[in-house]
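Source file: work_18.txt. Holds: compact mmCIF, N, CA and C atoms.
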```txt
# COMPACT_ATOMS: atom_id res chain seq x y z
N MET E 300 -59.37 14.87 44.47
CA MET E 300 -58.60 14.43 45.62
C MET E 300 -58.57 12.91 45.69
N ARG E 301 -59.69 12.28 45.40
CA ARG E 301 -59.76 10.82 45.46
C ARG E 301 -58.85 10.20 44.41
N SER E 302 -58.83 10.77 43.20
CA SER E 302 -57.97 10.21 42.15
C SER E 302 -56.49 10.40 42.48
N LEU E 303 -56.14 11.49 43.16
CA LEU E 303 -54.76 11.70 43.58
C LEU E 303 -54.35 10.63 44.58
N LYS E 304 -55.23 10.32 45.53
CA LYS E 304 -54.95 9.25 46.50
C LYS E 304 -54.77 7.92 45.78
N LEU E 305 -55.59 7.65 44.77
CA LEU E 305 -55.51 6.40 44.02
C LEU E 305 -54.17 6.31 43.28
N VAL E 306 -53.75 7.42 42.66
CA VAL E 306 -52.47 7.44 41.96
C VAL E 306 -51.32 7.19 42.94
N CYS E 307 -51.36 7.82 44.09
CA CYS E 307 -50.32 7.62 45.11
C CYS E 307 -50.29 6.17 45.58
N LEU E 308 -51.45 5.57 45.77
CA LEU E 308 -51.53 4.18 46.18
C LEU E 308 -50.95 3.26 45.11
N ILE E 309 -51.28 3.49 43.86
CA ILE E 309 -50.76 2.67 42.76
C ILE E 309 -49.24 2.80 42.67
N LEU E 310 -48.72 4.03 42.81
CA LEU E 310 -47.27 4.22 42.77
C LEU E 310 -46.59 3.52 43.94
N ALA E 311 -47.17 3.59 45.12
CA ALA E 311 -46.59 2.91 46.28
C ALA E 311 -46.57 1.40 46.09
N LEU E 312 -47.66 0.85 45.57
CA LEU E 312 -47.71 -0.59 45.32
C LEU E 312 -46.73 -1.00 44.23
N SER E 313 -46.60 -0.19 43.19
CA SER E 313 -45.65 -0.49 42.12
C SER E 313 -44.23 -0.53 42.65
N THR E 314 -43.87 0.41 43.51
CA THR E 314 -42.54 0.43 44.10
C THR E 314 -42.33 -0.80 44.96
N ALA E 315 -43.32 -1.19 45.73
CA ALA E 315 -43.21 -2.38 46.58
C ALA E 315 -43.05 -3.63 45.73
N LEU E 316 -43.79 -3.71 44.64
CA LEU E 316 -43.66 -4.88 43.76
C LEU E 316 -42.30 -4.92 43.10
N PHE E 317 -41.78 -3.76 42.68
CA PHE E 317 -40.45 -3.72 42.08
C PHE E 317 -39.40 -4.20 43.07
N ALA E 318 -39.53 -3.76 44.32
CA ALA E 318 -38.58 -4.17 45.35
C ALA E 318 -38.60 -5.68 45.53
N ALA E 319 -39.77 -6.27 45.54
CA ALA E 319 -39.89 -7.70 45.74
C ALA E 319 -39.36 -8.47 44.54
N ASP E 320 -39.44 -7.89 43.36
CA ASP E 320 -39.06 -8.58 42.15
C ASP E 320 -37.66 -8.23 41.65
N SER E 321 -36.87 -7.47 42.41
CA SER E 321 -35.55 -7.10 41.94
C SER E 321 -34.73 -8.35 41.69
N PRO E 322 -34.19 -8.51 40.49
CA PRO E 322 -33.42 -9.70 40.18
C PRO E 322 -32.12 -9.80 40.99
N PHE E 323 -31.69 -8.70 41.62
CA PHE E 323 -30.47 -8.72 42.43
C PHE E 323 -30.72 -9.26 43.83
N SER E 324 -31.94 -9.14 44.33
CA SER E 324 -32.23 -9.56 45.70
C SER E 324 -32.14 -11.07 45.85
N GLY E 325 -31.59 -11.48 46.99
CA GLY E 325 -31.50 -12.90 47.29
C GLY E 325 -30.14 -13.28 47.84
N THR E 326 -29.93 -14.57 47.96
CA THR E 326 -28.65 -15.12 48.42
C THR E 326 -27.94 -15.74 47.23
N TRP E 327 -26.68 -15.39 47.08
CA TRP E 327 -25.87 -15.81 45.93
C TRP E 327 -24.63 -16.55 46.42
N LYS E 328 -24.28 -17.62 45.74
CA LYS E 328 -23.10 -18.42 46.12
C LYS E 328 -22.10 -18.42 44.96
N PHE E 329 -20.85 -18.10 45.28
CA PHE E 329 -19.76 -18.11 44.31
C PHE E 329 -19.58 -19.51 43.74
N ASN E 330 -19.50 -19.58 42.41
CA ASN E 330 -19.30 -20.87 41.73
C ASN E 330 -17.94 -20.80 41.01
N PRO E 331 -16.87 -21.32 41.66
CA PRO E 331 -15.54 -21.21 41.07
C PRO E 331 -15.35 -22.01 39.78
N SER E 332 -16.24 -22.96 39.49
CA SER E 332 -16.11 -23.76 38.28
C SER E 332 -16.60 -23.02 37.03
N LYS E 333 -17.28 -21.90 37.22
CA LYS E 333 -17.75 -21.08 36.11
C LYS E 333 -16.94 -19.78 36.07
N GLY E 334 -16.82 -19.20 34.90
CA GLY E 334 -16.10 -17.95 34.77
C GLY E 334 -14.60 -18.15 34.77
N HIS E 335 -13.89 -17.05 34.99
CA HIS E 335 -12.43 -17.05 35.00
C HIS E 335 -11.94 -16.15 36.14
N PRO E 336 -12.07 -16.63 37.40
CA PRO E 336 -11.61 -15.80 38.52
C PRO E 336 -10.08 -15.71 38.53
N THR E 337 -9.56 -14.59 39.04
CA THR E 337 -8.11 -14.45 39.15
C THR E 337 -7.66 -14.91 40.52
N PRO E 338 -6.49 -15.54 40.59
CA PRO E 338 -5.95 -15.97 41.89
C PRO E 338 -5.64 -14.77 42.76
N PRO E 339 -5.69 -14.92 44.06
CA PRO E 339 -6.09 -16.13 44.79
C PRO E 339 -7.61 -16.28 44.81
N VAL E 340 -8.07 -17.49 44.56
CA VAL E 340 -9.51 -17.79 44.50
C VAL E 340 -9.99 -18.17 45.91
N PRO E 341 -11.03 -17.49 46.41
CA PRO E 341 -11.53 -17.83 47.74
C PRO E 341 -12.13 -19.24 47.75
N LYS E 342 -12.12 -19.85 48.94
CA LYS E 342 -12.68 -21.20 49.08
C LYS E 342 -14.20 -21.17 49.07
N SER E 343 -14.78 -20.11 49.61
CA SER E 343 -16.24 -19.98 49.56
C SER E 343 -16.63 -18.51 49.72
N VAL E 344 -17.76 -18.16 49.08
CA VAL E 344 -18.31 -16.81 49.18
C VAL E 344 -19.83 -16.92 49.13
N ILE E 345 -20.49 -16.30 50.08
CA ILE E 345 -21.95 -16.19 50.09
C ILE E 345 -22.27 -14.69 50.17
N VAL E 346 -23.15 -14.24 49.27
CA VAL E 346 -23.53 -12.83 49.21
C VAL E 346 -25.03 -12.72 49.43
N HIS E 347 -25.41 -11.86 50.36
CA HIS E 347 -26.83 -11.58 50.63
C HIS E 347 -27.12 -10.17 50.12
N VAL E 348 -28.10 -10.05 49.22
CA VAL E 348 -28.43 -8.76 48.63
C VAL E 348 -29.91 -8.45 48.85
N GLN E 349 -30.16 -7.22 49.25
CA GLN E 349 -31.52 -6.67 49.31
C GLN E 349 -31.50 -5.43 48.41
N ALA E 350 -32.23 -5.50 47.31
CA ALA E 350 -32.23 -4.38 46.37
C ALA E 350 -33.66 -3.95 46.08
N ASP E 351 -33.82 -2.65 45.90
CA ASP E 351 -35.12 -2.12 45.47
C ASP E 351 -34.85 -0.99 44.48
N ALA E 352 -35.84 -0.20 44.22
CA ALA E 352 -35.72 0.86 43.21
C ALA E 352 -34.70 1.92 43.58
N ASP E 353 -34.41 2.09 44.87
CA ASP E 353 -33.52 3.15 45.32
C ASP E 353 -32.21 2.68 45.94
N THR E 354 -32.26 1.54 46.63
CA THR E 354 -31.15 1.13 47.50
C THR E 354 -30.67 -0.27 47.20
N PHE E 355 -29.37 -0.46 47.36
CA PHE E 355 -28.71 -1.75 47.18
C PHE E 355 -27.94 -2.03 48.46
N LYS E 356 -28.32 -3.10 49.16
CA LYS E 356 -27.65 -3.47 50.41
C LYS E 356 -27.01 -4.84 50.21
N LEU E 357 -25.71 -4.94 50.54
CA LEU E 357 -24.98 -6.18 50.35
C LEU E 357 -24.23 -6.54 51.62
N ASP E 358 -24.30 -7.83 51.97
CA ASP E 358 -23.49 -8.41 53.04
C ASP E 358 -22.83 -9.64 52.46
N GLU E 359 -21.49 -9.68 52.53
CA GLU E 359 -20.74 -10.81 51.98
C GLU E 359 -19.94 -11.47 53.09
N GLU E 360 -19.91 -12.79 53.06
CA GLU E 360 -19.09 -13.54 53.99
C GLU E 360 -18.45 -14.68 53.23
N GLY E 361 -17.26 -15.05 53.66
CA GLY E 361 -16.59 -16.12 52.96
C GLY E 361 -15.36 -16.61 53.68
N VAL E 362 -14.65 -17.49 53.00
CA VAL E 362 -13.38 -18.03 53.48
C VAL E 362 -12.38 -17.82 52.35
N ASP E 363 -11.28 -17.13 52.67
CA ASP E 363 -10.30 -16.84 51.62
C ASP E 363 -9.44 -18.06 51.30
N ASP E 364 -8.49 -17.88 50.41
CA ASP E 364 -7.64 -18.99 49.98
C ASP E 364 -6.73 -19.52 51.09
N LYS E 365 -6.60 -18.79 52.20
CA LYS E 365 -5.77 -19.21 53.33
C LYS E 365 -6.61 -19.69 54.50
N ASP E 366 -7.87 -20.05 54.22
CA ASP E 366 -8.81 -20.54 55.24
C ASP E 366 -9.18 -19.50 56.29
N GLN E 367 -9.03 -18.21 55.97
CA GLN E 367 -9.39 -17.14 56.89
C GLN E 367 -10.79 -16.63 56.57
N PRO E 368 -11.69 -16.63 57.56
CA PRO E 368 -13.03 -16.10 57.31
C PRO E 368 -13.00 -14.58 57.20
N TYR E 369 -13.94 -14.04 56.44
CA TYR E 369 -14.06 -12.60 56.31
C TYR E 369 -15.53 -12.22 56.16
N LYS E 370 -15.81 -10.94 56.42
CA LYS E 370 -17.15 -10.37 56.25
C LYS E 370 -16.99 -8.91 55.89
N PHE E 371 -17.86 -8.43 55.02
CA PHE E 371 -17.95 -6.99 54.79
C PHE E 371 -19.34 -6.68 54.26
N GLY E 372 -19.68 -5.40 54.22
CA GLY E 372 -20.99 -5.01 53.72
C GLY E 372 -21.09 -3.52 53.49
N TYR E 373 -22.19 -3.15 52.83
CA TYR E 373 -22.46 -1.74 52.56
C TYR E 373 -23.92 -1.59 52.17
N GLU E 374 -24.36 -0.35 52.22
CA GLU E 374 -25.68 0.03 51.71
C GLU E 374 -25.48 1.30 50.89
N ALA E 375 -25.96 1.29 49.64
CA ALA E 375 -25.72 2.42 48.75
C ALA E 375 -26.94 2.68 47.87
N LYS E 376 -26.96 3.85 47.29
CA LYS E 376 -27.98 4.22 46.30
C LYS E 376 -27.33 4.20 44.92
N TYR E 377 -28.14 4.18 43.88
CA TYR E 377 -27.66 4.13 42.50
C TYR E 377 -27.38 5.53 41.94
N ASP E 378 -26.78 6.38 42.73
CA ASP E 378 -26.62 7.78 42.33
C ASP E 378 -25.18 8.18 42.00
N GLY E 379 -24.26 7.23 41.98
CA GLY E 379 -22.88 7.54 41.65
C GLY E 379 -22.08 8.18 42.78
N ARG E 380 -22.70 8.38 43.94
CA ARG E 380 -21.99 8.95 45.08
C ARG E 380 -21.28 7.84 45.85
N ASP E 381 -20.28 8.22 46.64
CA ASP E 381 -19.54 7.25 47.45
C ASP E 381 -20.31 6.93 48.72
N TYR E 382 -20.34 5.63 49.05
CA TYR E 382 -20.94 5.14 50.29
C TYR E 382 -19.91 4.25 50.98
N PRO E 383 -19.87 4.27 52.32
CA PRO E 383 -18.84 3.51 53.03
C PRO E 383 -19.04 1.99 52.93
N ILE E 384 -17.91 1.30 52.84
CA ILE E 384 -17.86 -0.15 52.93
C ILE E 384 -17.33 -0.48 54.32
N ASN E 385 -18.00 -1.39 55.02
CA ASN E 385 -17.58 -1.77 56.37
C ASN E 385 -16.95 -3.15 56.36
N GLY E 386 -15.73 -3.27 56.92
CA GLY E 386 -15.12 -4.57 57.11
C GLY E 386 -14.18 -5.04 56.03
N ASP E 387 -13.96 -4.25 54.98
CA ASP E 387 -13.05 -4.67 53.90
C ASP E 387 -11.75 -3.88 54.02
N PRO E 388 -10.62 -4.54 54.32
CA PRO E 388 -9.36 -3.81 54.47
C PRO E 388 -8.83 -3.25 53.15
N ASN E 389 -9.34 -3.74 52.01
CA ASN E 389 -8.85 -3.30 50.70
C ASN E 389 -9.68 -2.20 50.06
N ALA E 390 -10.80 -1.84 50.69
CA ALA E 390 -11.69 -0.82 50.13
C ALA E 390 -12.44 -0.12 51.24
N ASP E 391 -12.75 1.16 51.02
CA ASP E 391 -13.49 1.90 52.04
C ASP E 391 -14.72 2.62 51.51
N ALA E 392 -14.92 2.58 50.16
CA ALA E 392 -16.10 3.25 49.60
C ALA E 392 -16.51 2.56 48.30
N ILE E 393 -17.79 2.75 47.97
CA ILE E 393 -18.33 2.17 46.74
C ILE E 393 -19.33 3.14 46.15
N SER E 394 -19.41 3.17 44.82
CA SER E 394 -20.46 3.95 44.14
C SER E 394 -21.11 3.05 43.11
N LEU E 395 -22.41 3.26 42.87
CA LEU E 395 -23.19 2.42 41.99
C LEU E 395 -23.90 3.24 40.93
N GLN E 396 -24.03 2.66 39.74
CA GLN E 396 -24.83 3.22 38.67
C GLN E 396 -25.64 2.09 38.07
N ARG E 397 -26.96 2.17 38.15
CA ARG E 397 -27.80 1.15 37.53
C ARG E 397 -27.88 1.41 36.04
N VAL E 398 -27.57 0.39 35.25
CA VAL E 398 -27.64 0.49 33.80
C VAL E 398 -29.05 0.15 33.34
N ASN E 399 -29.59 -0.94 33.89
CA ASN E 399 -30.97 -1.35 33.63
C ASN E 399 -31.40 -2.30 34.75
N GLU E 400 -32.54 -2.91 34.64
CA GLU E 400 -33.06 -3.77 35.70
C GLU E 400 -32.15 -4.95 36.02
N HIS E 401 -31.33 -5.38 35.05
CA HIS E 401 -30.47 -6.57 35.23
C HIS E 401 -28.97 -6.25 35.27
N GLN E 402 -28.60 -4.96 35.27
CA GLN E 402 -27.18 -4.62 35.23
C GLN E 402 -26.87 -3.40 36.09
N ILE E 403 -25.80 -3.53 36.89
CA ILE E 403 -25.31 -2.42 37.72
C ILE E 403 -23.79 -2.35 37.57
N LYS E 404 -23.27 -1.13 37.52
CA LYS E 404 -21.82 -0.91 37.49
C LYS E 404 -21.39 -0.35 38.84
N PHE E 405 -20.27 -0.86 39.35
CA PHE E 405 -19.76 -0.49 40.67
C PHE E 405 -18.34 0.04 40.53
N ASP E 406 -18.01 1.11 41.26
CA ASP E 406 -16.63 1.57 41.43
C ASP E 406 -16.29 1.38 42.90
N ILE E 407 -15.22 0.63 43.14
CA ILE E 407 -14.77 0.36 44.51
C ILE E 407 -13.51 1.18 44.74
N LYS E 408 -13.46 1.87 45.89
CA LYS E 408 -12.39 2.82 46.13
C LYS E 408 -11.68 2.57 47.46
N LYS E 409 -10.44 3.02 47.51
CA LYS E 409 -9.67 3.04 48.75
C LYS E 409 -8.98 4.39 48.79
N ALA E 410 -9.24 5.14 49.86
CA ALA E 410 -8.66 6.48 50.03
C ALA E 410 -8.93 7.37 48.83
N GLY E 411 -10.13 7.28 48.26
CA GLY E 411 -10.53 8.14 47.15
C GLY E 411 -10.10 7.67 45.78
N LYS E 412 -9.32 6.61 45.70
CA LYS E 412 -8.81 6.11 44.42
C LYS E 412 -9.55 4.82 44.03
N VAL E 413 -9.98 4.74 42.76
CA VAL E 413 -10.66 3.53 42.28
C VAL E 413 -9.66 2.38 42.26
N VAL E 414 -10.00 1.30 42.97
CA VAL E 414 -9.14 0.11 43.01
C VAL E 414 -9.75 -1.05 42.22
N SER E 415 -11.04 -0.94 41.93
CA SER E 415 -11.71 -1.99 41.18
C SER E 415 -12.99 -1.45 40.56
N LYS E 416 -13.31 -1.98 39.37
CA LYS E 416 -14.58 -1.68 38.70
C LYS E 416 -15.27 -3.01 38.45
N LEU E 417 -16.57 -3.05 38.73
CA LEU E 417 -17.37 -4.25 38.51
C LEU E 417 -18.53 -3.93 37.58
N ASP E 418 -18.85 -4.87 36.73
CA ASP E 418 -20.04 -4.81 35.89
C ASP E 418 -20.80 -6.09 36.17
N VAL E 419 -21.93 -5.98 36.87
CA VAL E 419 -22.69 -7.15 37.32
C VAL E 419 -23.97 -7.26 36.51
N VAL E 420 -24.17 -8.45 35.93
CA VAL E 420 -25.36 -8.70 35.11
C VAL E 420 -26.05 -9.95 35.65
N ILE E 421 -27.35 -9.81 35.91
CA ILE E 421 -28.18 -10.94 36.32
C ILE E 421 -28.76 -11.57 35.05
N ALA E 422 -28.65 -12.89 34.95
CA ALA E 422 -29.20 -13.61 33.79
C ALA E 422 -30.70 -13.38 33.70
N LYS E 423 -31.23 -13.43 32.48
CA LYS E 423 -32.66 -13.21 32.28
C LYS E 423 -33.52 -14.17 33.09
N ASP E 424 -33.03 -15.41 33.30
CA ASP E 424 -33.79 -16.38 34.10
C ASP E 424 -33.63 -16.14 35.60
N GLY E 425 -32.74 -15.21 35.99
CA GLY E 425 -32.57 -14.85 37.39
C GLY E 425 -31.79 -15.84 38.22
N LYS E 426 -31.21 -16.87 37.60
CA LYS E 426 -30.56 -17.93 38.36
C LYS E 426 -29.06 -17.73 38.55
N SER E 427 -28.45 -16.79 37.83
CA SER E 427 -27.02 -16.56 37.98
C SER E 427 -26.69 -15.08 37.80
N ALA E 428 -25.56 -14.71 38.39
CA ALA E 428 -25.03 -13.35 38.25
C ALA E 428 -23.61 -13.47 37.73
N THR E 429 -23.29 -12.72 36.68
CA THR E 429 -21.94 -12.70 36.13
C THR E 429 -21.30 -11.37 36.48
N VAL E 430 -20.12 -11.45 37.08
CA VAL E 430 -19.40 -10.26 37.51
C VAL E 430 -18.11 -10.14 36.69
N LYS E 431 -18.05 -9.11 35.87
CA LYS E 431 -16.81 -8.81 35.15
C LYS E 431 -16.10 -7.73 35.95
N SER E 432 -14.84 -8.00 36.28
CA SER E 432 -14.12 -7.05 37.13
C SER E 432 -12.80 -6.64 36.51
N GLU E 433 -12.39 -5.43 36.86
CA GLU E 433 -11.06 -4.91 36.56
C GLU E 433 -10.50 -4.42 37.88
N ASP E 434 -9.40 -5.04 38.32
CA ASP E 434 -8.73 -4.64 39.55
C ASP E 434 -7.45 -3.92 39.18
N TYR E 435 -7.19 -2.82 39.87
CA TYR E 435 -6.00 -2.02 39.61
C TYR E 435 -5.06 -2.17 40.80
N VAL E 436 -4.07 -3.07 40.65
CA VAL E 436 -3.16 -3.39 41.73
C VAL E 436 -1.73 -3.16 41.27
N GLU E 437 -0.98 -2.39 42.05
CA GLU E 437 0.44 -2.14 41.77
C GLU E 437 0.67 -1.68 40.33
N GLY E 438 -0.18 -0.81 39.83
CA GLY E 438 -0.03 -0.26 38.50
C GLY E 438 -0.43 -1.19 37.37
N LYS E 439 -0.99 -2.34 37.70
CA LYS E 439 -1.42 -3.30 36.68
C LYS E 439 -2.92 -3.49 36.75
N THR E 440 -3.51 -3.85 35.61
CA THR E 440 -4.93 -4.14 35.56
C THR E 440 -5.11 -5.64 35.43
N LYS E 441 -5.89 -6.21 36.34
CA LYS E 441 -6.24 -7.63 36.28
C LYS E 441 -7.72 -7.73 35.98
N LYS E 442 -8.06 -8.50 34.94
CA LYS E 442 -9.46 -8.69 34.58
C LYS E 442 -9.88 -10.10 34.97
N ALA E 443 -11.14 -10.22 35.38
CA ALA E 443 -11.68 -11.52 35.77
C ALA E 443 -13.17 -11.56 35.49
N THR E 444 -13.69 -12.76 35.39
CA THR E 444 -15.12 -13.00 35.30
C THR E 444 -15.46 -14.05 36.34
N THR E 445 -16.38 -13.71 37.22
CA THR E 445 -16.82 -14.67 38.23
C THR E 445 -18.33 -14.84 38.10
N VAL E 446 -18.80 -16.00 38.55
CA VAL E 446 -20.22 -16.32 38.45
C VAL E 446 -20.73 -16.73 39.82
N TYR E 447 -21.93 -16.25 40.12
CA TYR E 447 -22.62 -16.58 41.37
C TYR E 447 -23.95 -17.21 41.01
N ASP E 448 -24.31 -18.28 41.73
CA ASP E 448 -25.59 -18.95 41.52
C ASP E 448 -26.56 -18.54 42.62
N LYS E 449 -27.80 -18.27 42.23
CA LYS E 449 -28.82 -17.89 43.20
C LYS E 449 -29.22 -19.12 44.00
N GLN E 450 -29.33 -18.95 45.30
CA GLN E 450 -29.68 -20.06 46.18
C GLN E 450 -31.16 -20.09 46.48
```
Take the structure in the file and write it out as structure tokens.
Amino acid sequence: MRSLKLVCLILALSTALFAADSPFSGTWKFNPSKGHPTPPVPKSVIVHVQADADTFKLDEEGVDDKDQPYKFGYEAKYDGRDYPINGDPNADAISLQRVNEHQIKFDIKKAGKVVSKLDVVIAKDGKSATVKSEDYVEGKTKKATTVYDKQ
């Protein structure tokens, strides 16, 4: 019984340490001078992420190319199921699949249809995130690469 309690304690601490060390967690700032974003390019974007072994929570705020502020957010698990996005007029659901500790793939949907796919990779040094995206707009695919710097 004592060894079972010890194993449970070690597993709980390991999960807590993983949550604290998730390379996705933190505040990220869009860097328009890096990558190849597609127009219209927002004037500013700040992303707050809390990630652990099970859950990915994101809150994004920014100013679009027309000086209009915006905010949206979601909380999802890495299980490929749809989770609601709040505050984004262009999307209403998201699903996530973790590839490894530094990479997650996202499907963004509107009314059940995939409107964008993201492949997000955190650099090994943890200082930047590269987002490769495919947006499906009006029957066309637009590809972009954007970079976010950890604050």
Residue list as a VMD selection string for point (-35.4, 0.6, 40.4), cut-off 8 Å, all atoms listed in the file: chain E and resid 317 to 318 321 350 to 354 399 to 400
Take the residues from that selection and put them in a file with N, CA and C atoms, as a PDB file, in the coordinates of the input.
```pdb
ATOM      1  N   PHE E 317     -41.780  -3.760  42.680  1.00  0.00           N
ATOM      2  CA  PHE E 317     -40.450  -3.720  42.080  1.00  0.00           C
ATOM      3  C   PHE E 317     -39.400  -4.200  43.070  1.00  0.00           C
ATOM      4  N   ALA E 318     -39.530  -3.760  44.320  1.00  0.00           N
ATOM      5  CA  ALA E 318     -38.580  -4.170  45.350  1.00  0.00           C
ATOM      6  C   ALA E 318     -38.600  -5.680  45.530  1.00  0.00           C
ATOM      7  N   SER E 321     -36.870  -7.470  42.410  1.00  0.00           N
ATOM      8  CA  SER E 321     -35.550  -7.100  41.940  1.00  0.00           C
ATOM      9  C   SER E 321     -34.730  -8.350  41.690  1.00  0.00           C
ATOM     10  N   ALA E 350     -32.230  -5.500  47.310  1.00  0.00           N
ATOM     11  CA  ALA E 350     -32.230  -4.380  46.370  1.00  0.00           C
ATOM     12  C   ALA E 350     -33.660  -3.950  46.080  1.00  0.00           C
ATOM     13  N   ASP E 351     -33.820  -2.650  45.900  1.00  0.00           N
ATOM     14  CA  ASP E 351     -35.120  -2.120  45.470  1.00  0.00           C
ATOM     15  C   ASP E 351     -34.850  -0.990  44.480  1.00  0.00           C
ATOM     16  N   ALA E 352     -35.840  -0.200  44.220  1.00  0.00           N
ATOM     17  CA  ALA E 352     -35.720   0.860  43.210  1.00  0.00           C
ATOM     18  C   ALA E 352     -34.700   1.920  43.580  1.00  0.00           C
ATOM     19  N   ASP E 353     -34.410   2.090  44.870  1.00  0.00           N
ATOM     20  CA  ASP E 353     -33.520   3.150  45.320  1.00  0.00           C
ATOM     21  C   ASP E 353     -32.210   2.680  45.940  1.00  0.00           C
ATOM     22  N   THR E 354     -32.260   1.540  46.630  1.00  0.00           N
ATOM     23  CA  THR E 354     -31.150   1.130  47.500  1.00  0.00           C
ATOM     24  C   THR E 354     -30.670  -0.270  47.200  1.00  0.00           C
ATOM     25  N   ASN E 399     -29.590  -0.940  33.890  1.00  0.00           N
ATOM     26  CA  ASN E 399     -30.970  -1.350  33.630  1.00  0.00           C
ATOM     27  C   ASN E 399     -31.400  -2.300  34.750  1.00  0.00           C
ATOM     28  N   GLU E 400     -32.540  -2.910  34.640  1.00  0.00           N
ATOM     29  CA  GLU E 400     -33.060  -3.770  35.700  1.00  0.00           C
ATOM     30  C   GLU E 400     -32.150  -4.950  36.020  1.00  0.00           C
TER      31      GLU E 400
END
```
Expected residue set, 8 Å radius at (-16.6, -20.4, 38.2), only N, CA and C atoms, as a PyMOL selection string: chain E and resi 329-336+444-447
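Of the residues listed (E:Gln450, E:Ile393, E:Leu357, E:Val413), E:Ile393 shows the shortest atom-to-atom separation from Asp381 (chain E); distances use all atoms listed in the file.
Atom pair CA of Gly438 (chain E) / CA of Pro341 (chain E) has a distance of 22.9 Å (rounded to one decimal).
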Spatial neighbours of Ala390 (chain E), max dist 10 Å, only C-alpha atoms, sep filter under 5 positions, as a list of chain:residue names: E:Phe371, E:Pro383, E:Ile384, E:Asn385, E:Ile407, E:Lys408, E:Lys409, E:Ala410, E:Gly411, E:Lys412, E:Val413, E:Val414, E:Ser415
Would you pick out the contacts of Arg380 (chain E) at 8 Å or less, using all atoms listed in the file, so that residues sharing its chain but fewer than 2 positions from it are not included, and give the list as a PDB file with N, CA and C atoms, keeping the file's coordinate frame?
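Listed below is the output, out35.pdb:
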```
ATOM      1  N   ALA E 375     -25.960   1.290  49.640  1.00  0.00           N
ATOM      2  CA  ALA E 375     -25.720   2.420  48.750  1.00  0.00           C
ATOM      3  C   ALA E 375     -26.940   2.680  47.870  1.00  0.00           C
ATOM      4  N   LYS E 376     -26.960   3.850  47.290  1.00  0.00           N
ATOM      5  CA  LYS E 376     -27.980   4.220  46.300  1.00  0.00           C
ATOM      6  C   LYS E 376     -27.330   4.200  44.920  1.00  0.00           C
ATOM      7  N   TYR E 377     -28.140   4.180  43.880  1.00  0.00           N
ATOM      8  CA  TYR E 377     -27.660   4.130  42.500  1.00  0.00           C
ATOM      9  C   TYR E 377     -27.380   5.530  41.940  1.00  0.00           C
ATOM     10  N   ASP E 378     -26.780   6.380  42.730  1.00  0.00           N
ATOM     11  CA  ASP E 378     -26.620   7.780  42.330  1.00  0.00           C
ATOM     12  C   ASP E 378     -25.180   8.180  42.000  1.00  0.00           C
ATOM     13  N   TYR E 382     -20.340   5.630  49.050  1.00  0.00           N
ATOM     14  CA  TYR E 382     -20.940   5.140  50.290  1.00  0.00           C
ATOM     15  C   TYR E 382     -19.910   4.250  50.980  1.00  0.00           C
ATOM     16  N   PRO E 383     -19.870   4.270  52.320  1.00  0.00           N
ATOM     17  CA  PRO E 383     -18.840   3.510  53.030  1.00  0.00           C
ATOM     18  C   PRO E 383     -19.040   1.990  52.930  1.00  0.00           C
ATOM     19  N   ALA E 392     -14.920   2.580  50.160  1.00  0.00           N
ATOM     20  CA  ALA E 392     -16.100   3.250  49.600  1.00  0.00           C
ATOM     21  C   ALA E 392     -16.510   2.560  48.300  1.00  0.00           C
ATOM     22  N   ILE E 393     -17.790   2.750  47.970  1.00  0.00           N
ATOM     23  CA  ILE E 393     -18.330   2.170  46.740  1.00  0.00           C
ATOM     24  C   ILE E 393     -19.330   3.140  46.150  1.00  0.00           C
ATOM     25  N   SER E 394     -19.410   3.170  44.820  1.00  0.00           N
ATOM     26  CA  SER E 394     -20.460   3.950  44.140  1.00  0.00           C
ATOM     27  C   SER E 394     -21.110   3.050  43.110  1.00  0.00           C
ATOM     28  N   LEU E 395     -22.410   3.260  42.870  1.00  0.00           N
ATOM     29  CA  LEU E 395     -23.190   2.420  41.990  1.00  0.00           C
ATOM     30  C   LEU E 395     -23.900   3.240  40.930  1.00  0.00           C
ATOM     31  N   GLN E 396     -24.030   2.660  39.740  1.00  0.00           N
ATOM     32  CA  GLN E 396     -24.830   3.220  38.670  1.00  0.00           C
ATOM     33  C   GLN E 396     -25.640   2.090  38.070  1.00  0.00           C
TER      34      GLN E 396
END
```
Length of the atom C of Lys431 (chain E) to atom C of Asp391 (chain E) vector [Å]: 18.7 Å
Alpha helix (DSSP H) residues, from DSSP on the backbone, in chain E, as a PyMOL selection string: chain E and resi 301-320
Long-range neighbours of Lys426 (chain E) as an NGL selection string, 10 Å cut-off, only C-alpha atoms, 5 positions minimum in chain: :E and (322 or 327 or 421 or 447-450)
DSSP strand (DSSP E or B) residues within chain E, listed as a PyMOL selection string: chain E and resi 325-335+343-350+354-362+368-376+382-385+392-399+402-409+412-421+427-436+439-449
Point-to-point distance from atom N of Thr337 (chain E) to atom C of Glu437 (chain E), Å rounded to tenths: 16.5 Å
